file query39.pdb (PDB, C-alpha atoms and all ligand atoms)
MODEL        1
ATOM      1  CA  MET R   1      18.414  27.477 -10.890
ATOM      2  CA  MET R   2      15.879  25.390 -12.754
ATOM      3  CA  ASN R   3      14.901  25.828 -16.326
ATOM      4  CA  ALA R   4      11.790  23.981 -17.438
ATOM      5  CA  ASN R   5      13.245  23.618 -20.922
ATOM      6  CA  THR R   6      16.158  21.582 -19.689
ATOM      7  CA  GLU R   7      14.077  19.245 -17.538
ATOM      8  CA  PRO R   8      13.784  15.697 -18.852
ATOM      9  CA  LYS R   9      10.922  14.680 -21.126
ATOM     10  CA  THR R  10      11.888  11.057 -21.744
ATOM     11  CA  LEU R  11      13.400   8.236 -19.712
ATOM     12  CA  GLN R  12      16.637   8.585 -21.638
ATOM     13  CA  GLN R  13      16.811  12.305 -20.819
ATOM     14  CA  ALA R  14      15.919  11.572 -17.201
ATOM     15  CA  ILE R  15      18.825   9.142 -16.872
ATOM     16  CA  VAL R  16      21.269  11.716 -18.233
ATOM     17  CA  TYR R  17      19.789  14.607 -16.257
ATOM     18  CA  PHE R  18      19.610  12.866 -12.899
ATOM     19  CA  ALA R  19      23.123  11.480 -13.220
ATOM     20  CA  ASP R  20      24.127  14.911 -11.873
ATOM     21  CA  PRO R  21      23.419  15.000  -8.105
ATOM     22  CA  ASP R  22      22.850  18.755  -8.255
ATOM     23  CA  ASN R  23      20.123  18.274 -10.839
ATOM     24  CA  CYS R  24      18.460  15.707  -8.561
ATOM     25  CA  LEU R  25      18.634  18.099  -5.653
ATOM     26  CA  ASN R  26      17.430  21.138  -7.576
ATOM     27  CA  TYR R  27      14.556  19.252  -9.154
ATOM     28  CA  LEU R  28      13.352  18.024  -5.769
ATOM     29  CA  VAL R  29      13.918  21.300  -3.895
ATOM     30  CA  ALA R  30      11.924  23.268  -6.457
ATOM     31  CA  ARG R  31       8.932  20.981  -5.881
ATOM     32  CA  ARG R  32       9.199  20.375  -2.179
ATOM     33  CA  TRP R  33      10.098  23.875  -1.099
ATOM     34  CA  PRO R  34       8.936  26.254  -3.847
ATOM     35  CA  ASP R  35       8.908  29.127  -1.311
ATOM     36  CA  GLY R  36      12.292  28.327   0.209
ATOM     37  CA  VAL R  37      13.797  25.493   2.231
ATOM     38  CA  THR R  38      12.320  24.882   5.689
ATOM     39  CA  CYS R  39      13.492  22.494   8.387
ATOM     40  CA  PRO R  40      11.438  19.254   8.228
ATOM     41  CA  ARG R  41      11.667  18.900  12.032
ATOM     42  CA  CYS R  42      10.702  22.365  13.270
ATOM     43  CA  GLY R  43       9.571  24.251  10.183
ATOM     44  CA  SER R  44      12.102  27.050  10.604
ATOM     45  CA  GLU R  45      13.215  28.963   7.525
ATOM     46  CA  ASN R  46      16.460  29.811   9.236
ATOM     47  CA  VAL R  47      18.610  27.142   7.585
ATOM     48  CA  THR R  48      21.941  27.210   5.801
ATOM     49  CA  PHE R  49      22.990  24.950   2.961
ATOM     50  CA  MET R  50      26.275  23.098   3.212
ATOM     51  CA  ALA R  51      27.049  22.519  -0.436
ATOM     52  CA  SER R  52      29.930  20.117   0.065
ATOM     53  CA  ARG R  53      27.638  17.557   1.710
ATOM     54  CA  ARG R  54      24.355  18.669   0.154
ATOM     55  CA  VAL R  55      22.688  18.993   3.554
ATOM     56  CA  TRP R  56      21.104  21.854   5.414
ATOM     57  CA  GLN R  57      21.764  22.982   8.979
ATOM     58  CA  CYS R  58      18.781  24.252  10.931
ATOM     59  CA  LYS R  59      19.731  27.140  13.236
ATOM     60  CA  THR R  60      17.159  26.165  15.829
ATOM     61  CA  ARG R  61      18.524  23.945  18.578
ATOM     62  CA  HIS R  62      16.978  20.497  18.402
ATOM     63  CA  PRO R  63      18.085  16.927  17.661
ATOM     64  CA  LYS R  64      18.748  16.051  14.022
ATOM     65  CA  SER R  65      19.180  19.681  13.074
ATOM     66  CA  GLN R  66      21.041  18.662   9.924
ATOM     67  CA  PHE R  67      18.871  17.298   7.152
ATOM     68  CA  SER R  68      19.146  16.139   3.581
ATOM     69  CA  ILE R  69      16.475  16.308   0.894
ATOM     70  CA  LYS R  70      15.572  12.710   1.760
ATOM     71  CA  VAL R  71      14.408  13.510   5.302
ATOM     72  CA  GLY R  72      10.630  13.412   5.618
ATOM     73  CA  THR R  73      10.096  11.730   2.237
ATOM     74  CA  ILE R  74       9.781   8.193   0.906
ATOM     75  CA  PHE R  75      13.579   8.294   0.444
ATOM     76  CA  GLU R  76      14.318   8.762   4.151
ATOM     77  CA  ASP R  77      17.060   6.481   5.511
ATOM     78  CA  SER R  78      17.658   4.984   2.084
ATOM     79  CA  PRO R  79      21.322   4.567   1.131
ATOM     80  CA  ILE R  80      20.314   4.377  -2.538
ATOM     81  CA  SER R  81      21.300   7.450  -4.513
ATOM     82  CA  LEU R  82      18.729   9.854  -5.884
ATOM     83  CA  ASP R  83      19.622   9.174  -9.512
ATOM     84  CA  LYS R  84      18.456   5.590  -9.046
ATOM     85  CA  TRP R  85      15.395   6.598  -7.061
ATOM     86  CA  LEU R  86      14.297   9.112  -9.658
ATOM     87  CA  CYS R  87      14.810   6.750 -12.580
ATOM     88  CA  ALA R  88      12.766   4.127 -10.737
ATOM     89  CA  MET R  89      10.043   6.701 -10.140
ATOM     90  CA  TRP R  90      10.071   7.694 -13.781
ATOM     91  CA  MET R  91       9.627   4.087 -14.824
ATOM     92  CA  LEU R  92       6.834   3.267 -12.389
ATOM     93  CA  ALA R  93       4.934   6.493 -13.029
ATOM     94  CA  ASN R  94       5.000   5.926 -16.760
ATOM     95  CA  CYS R  95       5.223   2.234 -17.690
ATOM     96  CA  LYS R  96       1.696   1.057 -18.402
ATOM     97  CA  ASN R  97       2.200  -2.437 -17.060
ATOM     98  CA  GLY R  98       4.405  -1.436 -14.139
ATOM     99  CA  ASN R  99       7.881  -2.707 -13.318
ATOM    100  CA  SER R 100       8.909  -5.830 -11.497
ATOM    101  CA  SER R 101      11.594  -5.757  -8.839
ATOM    102  CA  TRP R 102      13.693  -8.119 -10.989
ATOM    103  CA  GLU R 103      13.516  -5.696 -13.890
ATOM    104  CA  LEU R 104      14.493  -2.790 -11.651
ATOM    105  CA  HIS R 105      17.278  -4.848 -10.085
ATOM    106  CA  ARG R 106      18.848  -5.395 -13.503
ATOM    107  CA  THR R 107      18.179  -1.867 -14.768
ATOM    108  CA  LEU R 108      19.564   0.016 -11.764
ATOM    109  CA  GLY R 109      22.117  -2.418 -10.390
ATOM    110  CA  VAL R 110      20.551  -2.602  -6.938
ATOM    111  CA  THR R 111      19.660  -5.898  -5.268
ATOM    112  CA  GLN R 112      16.275  -7.371  -6.066
ATOM    113  CA  LYS R 113      15.288  -6.980  -2.423
ATOM    114  CA  SER R 114      16.205  -3.287  -2.479
ATOM    115  CA  ALA R 115      14.359  -2.875  -5.755
ATOM    116  CA  TRP R 116      11.246  -4.444  -4.276
ATOM    117  CA  PHE R 117      11.402  -2.126  -1.273
ATOM    118  CA  MET R 118      11.931   0.888  -3.556
ATOM    119  CA  LEU R 119       8.884  -0.037  -5.608
ATOM    120  CA  GLN R 120       6.694  -0.340  -2.512
ATOM    121  CA  ARG R 121       7.823   3.079  -1.314
ATOM    122  CA  ILE R 122       7.218   4.628  -4.722
ATOM    123  CA  ARG R 123       3.731   3.105  -4.755
ATOM    124  CA  LEU R 124       3.112   4.879  -1.459
ATOM    125  CA  ALA R 125       4.027   8.153  -3.176
ATOM    126  CA  LEU R 126       1.669   7.333  -6.045
ATOM    127  CA  GLN R 127      -1.173   6.769  -3.582
ATOM    128  CA  GLY R 128      -3.514   9.671  -4.134
ATOM    129  CA  GLU R 129      -5.838  11.281  -1.675
ATOM    130  CA  ASP R 130      -9.509  10.839  -2.432
ATOM    131  CA  SER R 131     -10.885  14.329  -2.394
ATOM    132  CA  GLY R 132     -14.629  14.598  -2.142
ATOM    133  CA  LYS R 133     -17.124  12.255  -3.705
ATOM    134  CA  LEU R 134     -17.535  11.088  -7.268
ATOM    135  CA  SER R 135     -20.514  12.536  -9.084
ATOM    136  CA  GLY R 136     -22.231  12.690 -12.449
ATOM    137  CA  GLN R 137     -22.159   9.272 -14.108
ATOM    138  CA  VAL R 138     -20.388   6.644 -12.019
ATOM    139  CA  GLU R 139     -19.681   3.047 -12.979
ATOM    140  CA  VAL R 140     -19.354   0.599 -10.095
ATOM    141  CA  ASP R 141     -18.116  -2.974 -10.322
ATOM    142  CA  GLU R 142     -16.059  -5.579  -8.485
ATOM    143  CA  THR R 143     -13.477  -7.999  -9.730
ATOM    144  CA  TYR R 144     -11.468 -10.860  -8.277
ATOM    145  CA  ILE R 145      -7.692 -11.172  -8.258
ATOM    146  CA  GLY R 146      -5.398 -14.118  -7.720
ATOM    147  CA  GLY R 147      -6.299 -17.441  -6.260
ATOM    148  CA  LEU R 148      -5.845 -20.905  -7.616
ATOM    149  CA  ALA R 149      -6.176 -22.106 -11.181
ATOM    150  CA  ARG R 150      -8.440 -19.811 -13.097
ATOM    151  CA  ASN R 151     -11.822 -21.010 -14.144
ATOM    152  CA  MET R 152     -13.960 -18.153 -15.323
ATOM    153  CA  HIS R 153     -17.190 -20.130 -15.438
ATOM    154  CA  ARG R 154     -16.736 -21.372 -11.917
ATOM    155  CA  ASP R 155     -15.735 -17.874 -10.736
ATOM    156  CA  VAL R 156     -18.812 -16.325 -12.263
ATOM    157  CA  ARG R 157     -21.025 -19.025 -10.805
ATOM    158  CA  GLU R 158     -19.546 -18.630  -7.311
ATOM    159  CA  ARG R 159     -20.009 -14.906  -7.484
ATOM    160  CA  ARG R 160     -23.643 -15.399  -8.332
ATOM    161  CA  ILE R 161     -24.113 -17.778  -5.441
ATOM    162  CA  GLN R 162     -21.868 -16.454  -2.682
ATOM    163  CA  GLY R 163     -20.553 -13.090  -3.770
ATOM    164  CA  THR R 164     -16.991 -14.352  -4.025
ATOM    165  CA  GLY R 165     -14.876 -15.019  -7.045
ATOM    166  CA  GLY R 166     -13.831 -18.479  -6.014
ATOM    167  CA  LYS R 167     -11.337 -19.960  -3.626
ATOM    168  CA  GLY R 168      -8.383 -17.822  -2.579
ATOM    169  CA  LYS R 169      -9.404 -14.797  -4.601
ATOM    170  CA  ILE R 170      -9.365 -11.222  -3.378
ATOM    171  CA  ALA R 171     -12.343  -9.020  -4.101
ATOM    172  CA  VAL R 172     -11.591  -5.542  -5.404
ATOM    173  CA  MET R 173     -14.173  -2.843  -5.838
ATOM    174  CA  GLY R 174     -13.876  -0.099  -8.421
ATOM    175  CA  LEU R 175     -15.765   3.147  -8.862
ATOM    176  CA  LEU R 176     -15.214   5.232 -11.960
ATOM    177  CA  GLU R 177     -16.598   8.683 -12.623
ATOM    178  CA  ARG R 178     -17.004   8.877 -16.385
ATOM    179  CA  ASN R 179     -14.506  11.377 -17.803
ATOM    180  CA  GLY R 180     -13.077  11.558 -14.302
ATOM    181  CA  LYS R 181     -11.194   9.477 -11.807
ATOM    182  CA  VAL R 182     -11.248   5.895 -10.698
ATOM    183  CA  ARG R 183     -11.032   4.592  -7.139
ATOM    184  CA  ALA R 184     -10.194   0.979  -6.391
ATOM    185  CA  LYS R 185      -9.871  -0.852  -3.115
ATOM    186  CA  VAL R 186      -9.691  -4.313  -1.640
ATOM    187  CA  ILE R 187     -12.970  -5.339  -0.008
ATOM    188  CA  ASN R 188     -13.683  -8.229   2.333
ATOM    189  CA  ASP R 189     -16.661  -9.491   0.391
ATOM    190  CA  ALA R 190     -19.212  -8.445  -2.190
ATOM    191  CA  THR R 191     -22.226  -8.414   0.079
ATOM    192  CA  GLN R 192     -24.865  -5.739  -0.050
ATOM    193  CA  LEU R 193     -23.652  -4.289   3.248
ATOM    194  CA  THR R 194     -20.095  -3.838   1.978
ATOM    195  CA  LEU R 195     -20.932  -2.582  -1.497
ATOM    196  CA  HIS R 196     -23.572  -0.132  -0.341
ATOM    197  CA  ALA R 197     -21.249   1.317   2.304
ATOM    198  CA  GLU R 198     -18.531   1.881  -0.305
ATOM    199  CA  VAL R 199     -20.912   3.446  -2.775
ATOM    200  CA  ARG R 200     -22.306   5.794  -0.160
ATOM    201  CA  SER R 201     -18.903   6.900   1.099
ATOM    202  CA  ASN R 202     -17.505   7.450  -2.402
ATOM    203  CA  VAL R 203     -20.386   8.660  -4.558
ATOM    204  CA  ALA R 204     -22.446  11.803  -4.052
ATOM    205  CA  ALA R 205     -26.175  11.227  -3.570
ATOM    206  CA  GLY R 206     -28.135  11.922  -6.714
ATOM    207  CA  ALA R 207     -25.421  10.643  -9.037
ATOM    208  CA  GLU R 208     -26.212   8.207 -11.841
ATOM    209  CA  LEU R 209     -24.925   4.736 -10.976
ATOM    210  CA  PHE R 210     -24.199   2.048 -13.532
ATOM    211  CA  THR R 211     -23.697  -1.529 -12.362
ATOM    212  CA  ASP R 212     -24.233  -5.034 -13.613
ATOM    213  CA  GLY R 213     -27.050  -7.197 -12.295
ATOM    214  CA  TRP R 214     -25.293  -8.445  -9.150
ATOM    215  CA  LYS R 215     -27.983  -8.587  -6.473
ATOM    216  CA  SER R 216     -25.901  -6.792  -3.819
ATOM    217  CA  TYR R 217     -26.294  -3.558  -5.771
ATOM    218  CA  SER R 218     -30.061  -3.586  -5.454
ATOM    219  CA  GLY R 219     -31.595  -1.048  -3.103
ATOM    220  CA  LEU R 220     -29.428   1.888  -4.119
ATOM    221  CA  HIS R 221     -32.199   3.560  -6.088
ATOM    222  CA  GLN R 222     -33.348   5.595  -3.090
ATOM    223  CA  ASP R 223     -30.239   7.751  -3.160
ATOM    224  CA  TYR R 224     -29.062   7.292  -6.726
ATOM    225  CA  VAL R 225     -30.331   7.003 -10.247
ATOM    226  CA  HIS R 226     -29.357   3.357 -10.535
ATOM    227  CA  GLN R 227     -29.207   1.787 -13.977
ATOM    228  CA  VAL R 228     -28.427  -1.887 -14.424
ATOM    229  CA  ILE R 229     -26.948  -3.665 -17.405
ATOM    230  CA  ASP R 230     -27.697  -7.364 -17.226
ATOM    231  CA  HIS R 231     -24.626  -9.054 -18.648
ATOM    232  CA  ALA R 232     -26.587 -12.238 -19.235
ATOM    233  CA  GLU R 233     -28.451 -10.303 -21.920
ATOM    234  CA  LYS R 234     -26.086  -7.685 -23.286
ATOM    235  CA  TYR R 235     -23.114  -5.510 -22.391
ATOM    236  CA  VAL R 236     -24.174  -2.109 -23.659
ATOM    237  CA  ASP R 237     -27.563  -0.426 -23.791
ATOM    238  CA  GLY R 238     -26.938   3.158 -24.834
ATOM    239  CA  GLN R 239     -25.420   4.910 -21.814
ATOM    240  CA  ILE R 240     -26.007   1.885 -19.633
ATOM    241  CA  HIS R 241     -22.767  -0.104 -19.423
ATOM    242  CA  THR R 242     -19.744  -0.650 -17.217
ATOM    243  CA  ASN R 243     -17.146  -0.600 -20.004
ATOM    244  CA  GLY R 244     -15.066   2.140 -18.387
ATOM    245  CA  ILE R 245     -14.391   0.253 -15.183
ATOM    246  CA  GLU R 246     -13.982  -2.993 -17.156
ATOM    247  CA  ASN R 247     -11.229  -1.245 -19.090
ATOM    248  CA  PHE R 248      -9.514  -0.359 -15.822
ATOM    249  CA  TRP R 249      -9.757  -3.989 -14.677
ATOM    250  CA  SER R 250      -8.136  -5.211 -17.848
ATOM    251  CA  LEU R 251      -5.226  -2.763 -17.433
ATOM    252  CA  LEU R 252      -4.840  -3.829 -13.821
ATOM    253  CA  LYS R 253      -4.893  -7.514 -14.640
ATOM    254  CA  ARG R 254      -2.506  -7.155 -17.553
ATOM    255  CA  GLY R 255       0.016  -5.560 -15.212
ATOM    256  CA  LEU R 256      -0.538  -8.091 -12.470
ATOM    257  CA  LYS R 257      -0.272 -11.101 -14.750
ATOM    258  CA  GLY R 258       2.403  -9.939 -17.126
ATOM    259  CA  THR R 259       4.741  -8.067 -14.836
ATOM    260  CA  TYR R 260       4.216  -9.150 -11.289
ATOM    261  CA  VAL R 261       3.364 -12.821 -11.762
ATOM    262  CA  SER R 262       2.060 -13.165  -8.227
ATOM    263  CA  VAL R 263       1.067 -10.625  -5.641
ATOM    264  CA  GLU R 264       0.313 -11.481  -2.062
ATOM    265  CA  PRO R 265      -3.099 -10.320  -0.841
ATOM    266  CA  PHE R 266      -1.413  -8.191   1.815
ATOM    267  CA  HIS R 267       0.318  -6.102  -0.866
ATOM    268  CA  LEU R 268      -2.444  -5.895  -3.435
ATOM    269  CA  PHE R 269      -3.625  -2.431  -2.406
ATOM    270  CA  ARG R 270      -0.260  -0.944  -3.383
ATOM    271  CA  TYR R 271      -0.613  -2.273  -6.919
ATOM    272  CA  LEU R 272      -4.101  -0.819  -7.029
ATOM    273  CA  ASP R 273      -2.659   2.558  -6.000
ATOM    274  CA  GLU R 274      -0.024   2.293  -8.714
ATOM    275  CA  GLN R 275      -2.465   1.435 -11.502
ATOM    276  CA  THR R 276      -4.958   4.023 -10.255
ATOM    277  CA  PHE R 277      -2.275   6.730 -10.379
ATOM    278  CA  ARG R 278      -1.408   5.962 -13.995
ATOM    279  CA  PHE R 279      -5.059   5.621 -15.005
ATOM    280  CA  ASN R 280      -6.132   8.868 -13.358
ATOM    281  CA  ASN R 281      -3.272  10.730 -14.996
ATOM    282  CA  ARG R 282      -3.500   8.955 -18.329
ATOM    283  CA  LEU R 283      -3.969  12.172 -20.282
ATOM    284  CA  ALA R 284      -0.763  13.718 -18.915
ATOM    285  CA  ASN R 285       2.573  13.203 -20.650
ATOM    286  CA  ASP R 286       5.472  11.302 -19.076
ATOM    287  CA  SER R 287       7.258  14.299 -17.621
ATOM    288  CA  HIS R 288       4.039  15.648 -16.077
ATOM    289  CA  ARG R 289       3.187  12.281 -14.537
ATOM    290  CA  PHE R 290       6.684  12.037 -13.112
ATOM    291  CA  ASN R 291       6.483  15.593 -11.817
ATOM    292  CA  LEU R 292       3.192  14.804 -10.088
ATOM    293  CA  ALA R 293       4.668  11.685  -8.493
ATOM    294  CA  VAL R 294       7.589  13.726  -7.172
ATOM    295  CA  THR R 295       5.244  16.238  -5.573
ATOM    296  CA  GLN R 296       3.749  13.353  -3.567
ATOM    297  CA  ILE R 297       6.928  12.032  -1.902
ATOM    298  CA  VAL R 298       6.769  14.280   1.148
ATOM    299  CA  GLY R 299       5.304  13.256   4.485
ATOM    300  CA  LYS R 300       5.328   9.583   3.584
ATOM    301  CA  ARG R 301       7.595   7.060   5.191
ATOM    302  CA  LEU R 302       7.564   3.327   4.983
ATOM    303  CA  THR R 303       9.951   1.151   6.948
ATOM    304  CA  TYR R 304      10.858  -2.318   5.840
ATOM    305  CA  ALA R 305       8.950  -3.769   8.791
ATOM    306  CA  GLU R 306       5.851  -1.809   7.820
ATOM    307  CA  VAL R 307       6.006  -2.670   4.182
ATOM    308  CA  THR R 308       6.462  -6.364   4.810
ATOM    309  CA  GLY R 309       3.898  -6.581   7.593
ATOM    310  CA  LYS R 310       6.648  -7.053  10.207
ATOM    311  CA  ALA R 311       8.268 -10.415   9.806
ATOM    312  CA  ARG R 312       6.982 -11.234   6.370
ATOM    313  CA  GLN R 313       9.355 -11.564   3.477
ATOM    314  CA  SER R 314       8.511 -11.363  -0.181
ATOM    315  CA  SER R 315      10.298 -12.354  -3.312
ATOM    316  CA  HIS R 316       8.397 -10.721  -6.149
TER     317      HIS R 316
HETATM  318 ZN    ZN A   1      14.726  22.874  12.728
ENDMDL
END
call {"tool": "encode", "arguments": {"input": "query39.pdb", "output": "structure tokens"}}
result
Amino acid sequence: MMNANTEPKTLQQAIVYFADPDNCLNYLVARRWPDGVTCPRCGSENVTFMASRRVWQCKTRHPKSQFSIKVGTIFEDSPISLDKWLCAMWMLANCKNGNSSWELHRTLGVTQKSAWFMLQRIRLALQGEDSGKLSGQVEVDETYIGGLARNMHRDVRERRIQGTGGKGKIAVMGLLERNGKVRAKVINDATQLTLHAEVRSNVAAGAELFTDGWKSYSGLHQDYVHQVIDHAEKYVDGQIHTNGIENFWSLLKRGLKGTYVSVEPFHLFRYLDEQTFRFNNRLANDSHRFNLAVTQIVGKRLTYAEVTGKARQSSH
């Protein structure tokens, strides 16, 4: 069946390899059902493959007893062929700055609207599960995305005064375990209540915390070894800095500005998931990152109504 040596290592190889529908199927089956195909509806192993249509028939009597590889994955109900899906996944898993729906539209020959929907579904697959709490040395910071004309001085001033990054901006909190993983999420505000709750639910007590001098971080010293770098004075003091999470912010913002132009607040978390996936797997090579993304397609569905927030439409 599958030979690891023949599996694609580059985008060019992926395009050639996945042009064969059987290669698509075999690649996915090997990852989804390493111990043999089971019915996604009832879990039965008693299934037969109908090669001419590339679907399985479950022998148990129940509705929808025939199923394709797409059933129960982010591909469910999509008329787009797997070669296009897998190339899109390869690109999003591996392109540092992400891919816009316009770029994907031109590359794959699907409509821009389809491309946008594909990208949102792939981002759902890239969404990792936070397992356990961060520990050791953890950098914590917030940043602000979007909004009206940028004015860094005003943004910084407003953060100091109100804990916001200025009008129309979305606050994002990031927590990075040094030499480990990053977590990033949209937060309602940068108040002490919000930031402390996030720190406590994501970082193990006793860990070393590194933050800047923002007042909302004060009071964490009871449960953590909290070290503060005052950016008004300097950016690094030995181990005390937030350069790791700052690096993540710059990657995130480069992608958002360069590739996506504008992202609605409602959708921002998906871009965070995408950038987090690439960052947390930055030491893997392209084929490993793609492989990991493929292992995360199961059990995730996203309808157009869900992805757009019901009636909303988007054009980026
Ligand atoms: Zn079944």
call {"tool": "residues_near_ligand", "arguments": {"input": "query39.pdb", "ligand": "ligand ZN 1 (chain A)", "cutoff": "6 Å", "atoms": "only C-alpha atoms and all ligand atoms", "output": "PyMOL selection string"}}
result
chain R and resi 39+41-44+58+60+65
call {"tool": "closest_atom_pairs", "arguments": {"input": "query39.pdb", "of": "segment 236-311 of chain R", "to": "segment 71-85 of chain R", "cutoff": "6 Å", "atoms": "all atoms listed in the file", "output": "Markdown table"}}
result
| residue | atom | partner | partner_atom | distance |
| --- | --- | --- | --- | --- |
| R:Ile297 | CA | R:Thr73 | CA | 5.2 |
| R:Val298 | CA | R:Thr73 | CA | 4.3 |
| R:Gly299 | CA | R:Gly72 | CA | 5.4 |
| R:Lys300 | CA | R:Ile74 | CA | 5.4 |
| R:Arg301 | CA | R:Ile74 | CA | 4.9 |
call {"tool": "atom_distance", "arguments": {"input": "query39.pdb", "atom1": "atom CA of Ser131 of chain R", "atom2": "atom CA of Ala30 of chain R"}}
result
24.8 Å
call {"tool": "residues_around", "arguments": {"input": "query39.pdb", "residues": "segment 270-274 of chain R", "least_positions_apart": "2", "cutoff": "6 Å", "atoms": "all atoms listed in the file", "output": "list in words"}}
result
Arg123, Leu126, Gln127, His267, Leu268, Thr276 and Phe277 of chain R
call {"tool": "closest_residue", "arguments": {"input": "query39.pdb", "among": "R:Leu104, R:Leu193, R:Asn26, R:Leu252", "to": "Gly174 of chain R", "atoms": "only C-alpha atoms"}}
result
R:Leu252
call {"tool": "resolve_selection", "arguments": {"input": "query39.pdb", "expression": "the PyMOL selection byres (((chain R and resi 285) around 12) and not hetatm)", "output": "VMD selection string"}}
result
chain R and resid 8 to 11 90 93 to 95 278 281 to 284 286 to 292
call {"tool": "atom_distance", "arguments": {"input": "query39.pdb", "atom1": "atom CA of Cys24 of chain R", "atom2": "atom CA of Ala125 of chain R"}}
result
17.2 Å
call {"tool": "resolve_selection", "arguments": {"input": "query39.pdb", "expression": "the PyMOL selection byres (((chain R and resi 28) around 10) and not hetatm)", "output": "ChimeraX atom specification"}}
result
/R:22-27,29-34,69-70,82,86,291,294-295,297
call {"tool": "atom_distance", "arguments": {"input": "query39.pdb", "atom1": "atom CA of Gln296 of chain R", "atom2": "atom CA of Val55 of chain R"}}
result
21.0 Å
call {"tool": "decode", "arguments": {"input": "query39.pdb", "residues": "segment 43-60 of chain R", "atoms": "N, CA and C atoms", "output": "compact mmCIF listing (two decimals), in the first residue's frame"}}
result
# COMPACT_ATOMS: atom_id res chain seq x y z
N GLY R 43 -19.16 2.66 13.89
CA GLY R 43 -17.90 2.12 14.41
C GLY R 43 -17.60 0.69 14.02
N SER R 44 -18.50 0.08 13.24
CA SER R 44 -18.29 -1.32 12.87
C SER R 44 -17.09 -1.49 11.95
N GLU R 45 -16.39 -2.62 12.14
CA GLU R 45 -15.27 -2.94 11.25
C GLU R 45 -15.74 -3.75 10.06
N ASN R 46 -17.01 -4.14 10.11
CA ASN R 46 -17.55 -4.97 9.04
C ASN R 46 -17.98 -4.09 7.87
N VAL R 47 -17.01 -3.70 7.06
CA VAL R 47 -17.28 -2.81 5.92
C VAL R 47 -16.59 -3.38 4.68
N THR R 48 -17.19 -3.13 3.53
CA THR R 48 -16.53 -3.55 2.29
C THR R 48 -16.28 -2.34 1.41
N PHE R 49 -15.16 -2.37 0.72
CA PHE R 49 -14.75 -1.26 -0.13
C PHE R 49 -15.28 -1.47 -1.53
N MET R 50 -15.89 -0.44 -2.08
CA MET R 50 -16.36 -0.52 -3.47
C MET R 50 -15.43 0.36 -4.30
N ALA R 51 -14.45 -0.30 -4.90
CA ALA R 51 -13.33 0.41 -5.52
C ALA R 51 -13.77 1.34 -6.65
N SER R 52 -14.82 0.94 -7.37
CA SER R 52 -15.20 1.75 -8.53
C SER R 52 -15.66 3.14 -8.12
N ARG R 53 -16.24 3.24 -6.92
CA ARG R 53 -16.73 4.55 -6.46
C ARG R 53 -15.92 5.09 -5.29
N ARG R 54 -14.93 4.33 -4.86
CA ARG R 54 -14.09 4.72 -3.73
C ARG R 54 -14.94 5.06 -2.49
N VAL R 55 -15.92 4.20 -2.22
CA VAL R 55 -16.70 4.34 -0.99
C VAL R 55 -16.77 2.98 -0.31
N TRP R 56 -17.11 3.03 0.97
CA TRP R 56 -17.28 1.80 1.72
C TRP R 56 -18.76 1.58 2.01
N GLN R 57 -19.13 0.32 2.16
CA GLN R 57 -20.48 -0.05 2.56
C GLN R 57 -20.40 -0.70 3.93
N CYS R 58 -21.08 -0.09 4.90
CA CYS R 58 -21.15 -0.70 6.23
C CYS R 58 -22.20 -1.79 6.20
N LYS R 59 -21.90 -2.95 6.82
CA LYS R 59 -22.83 -4.08 6.78
C LYS R 59 -23.92 -3.97 7.84
N THR R 60 -23.73 -3.05 8.78
CA THR R 60 -24.77 -2.84 9.79
C THR R 60 -25.89 -2.03 9.15
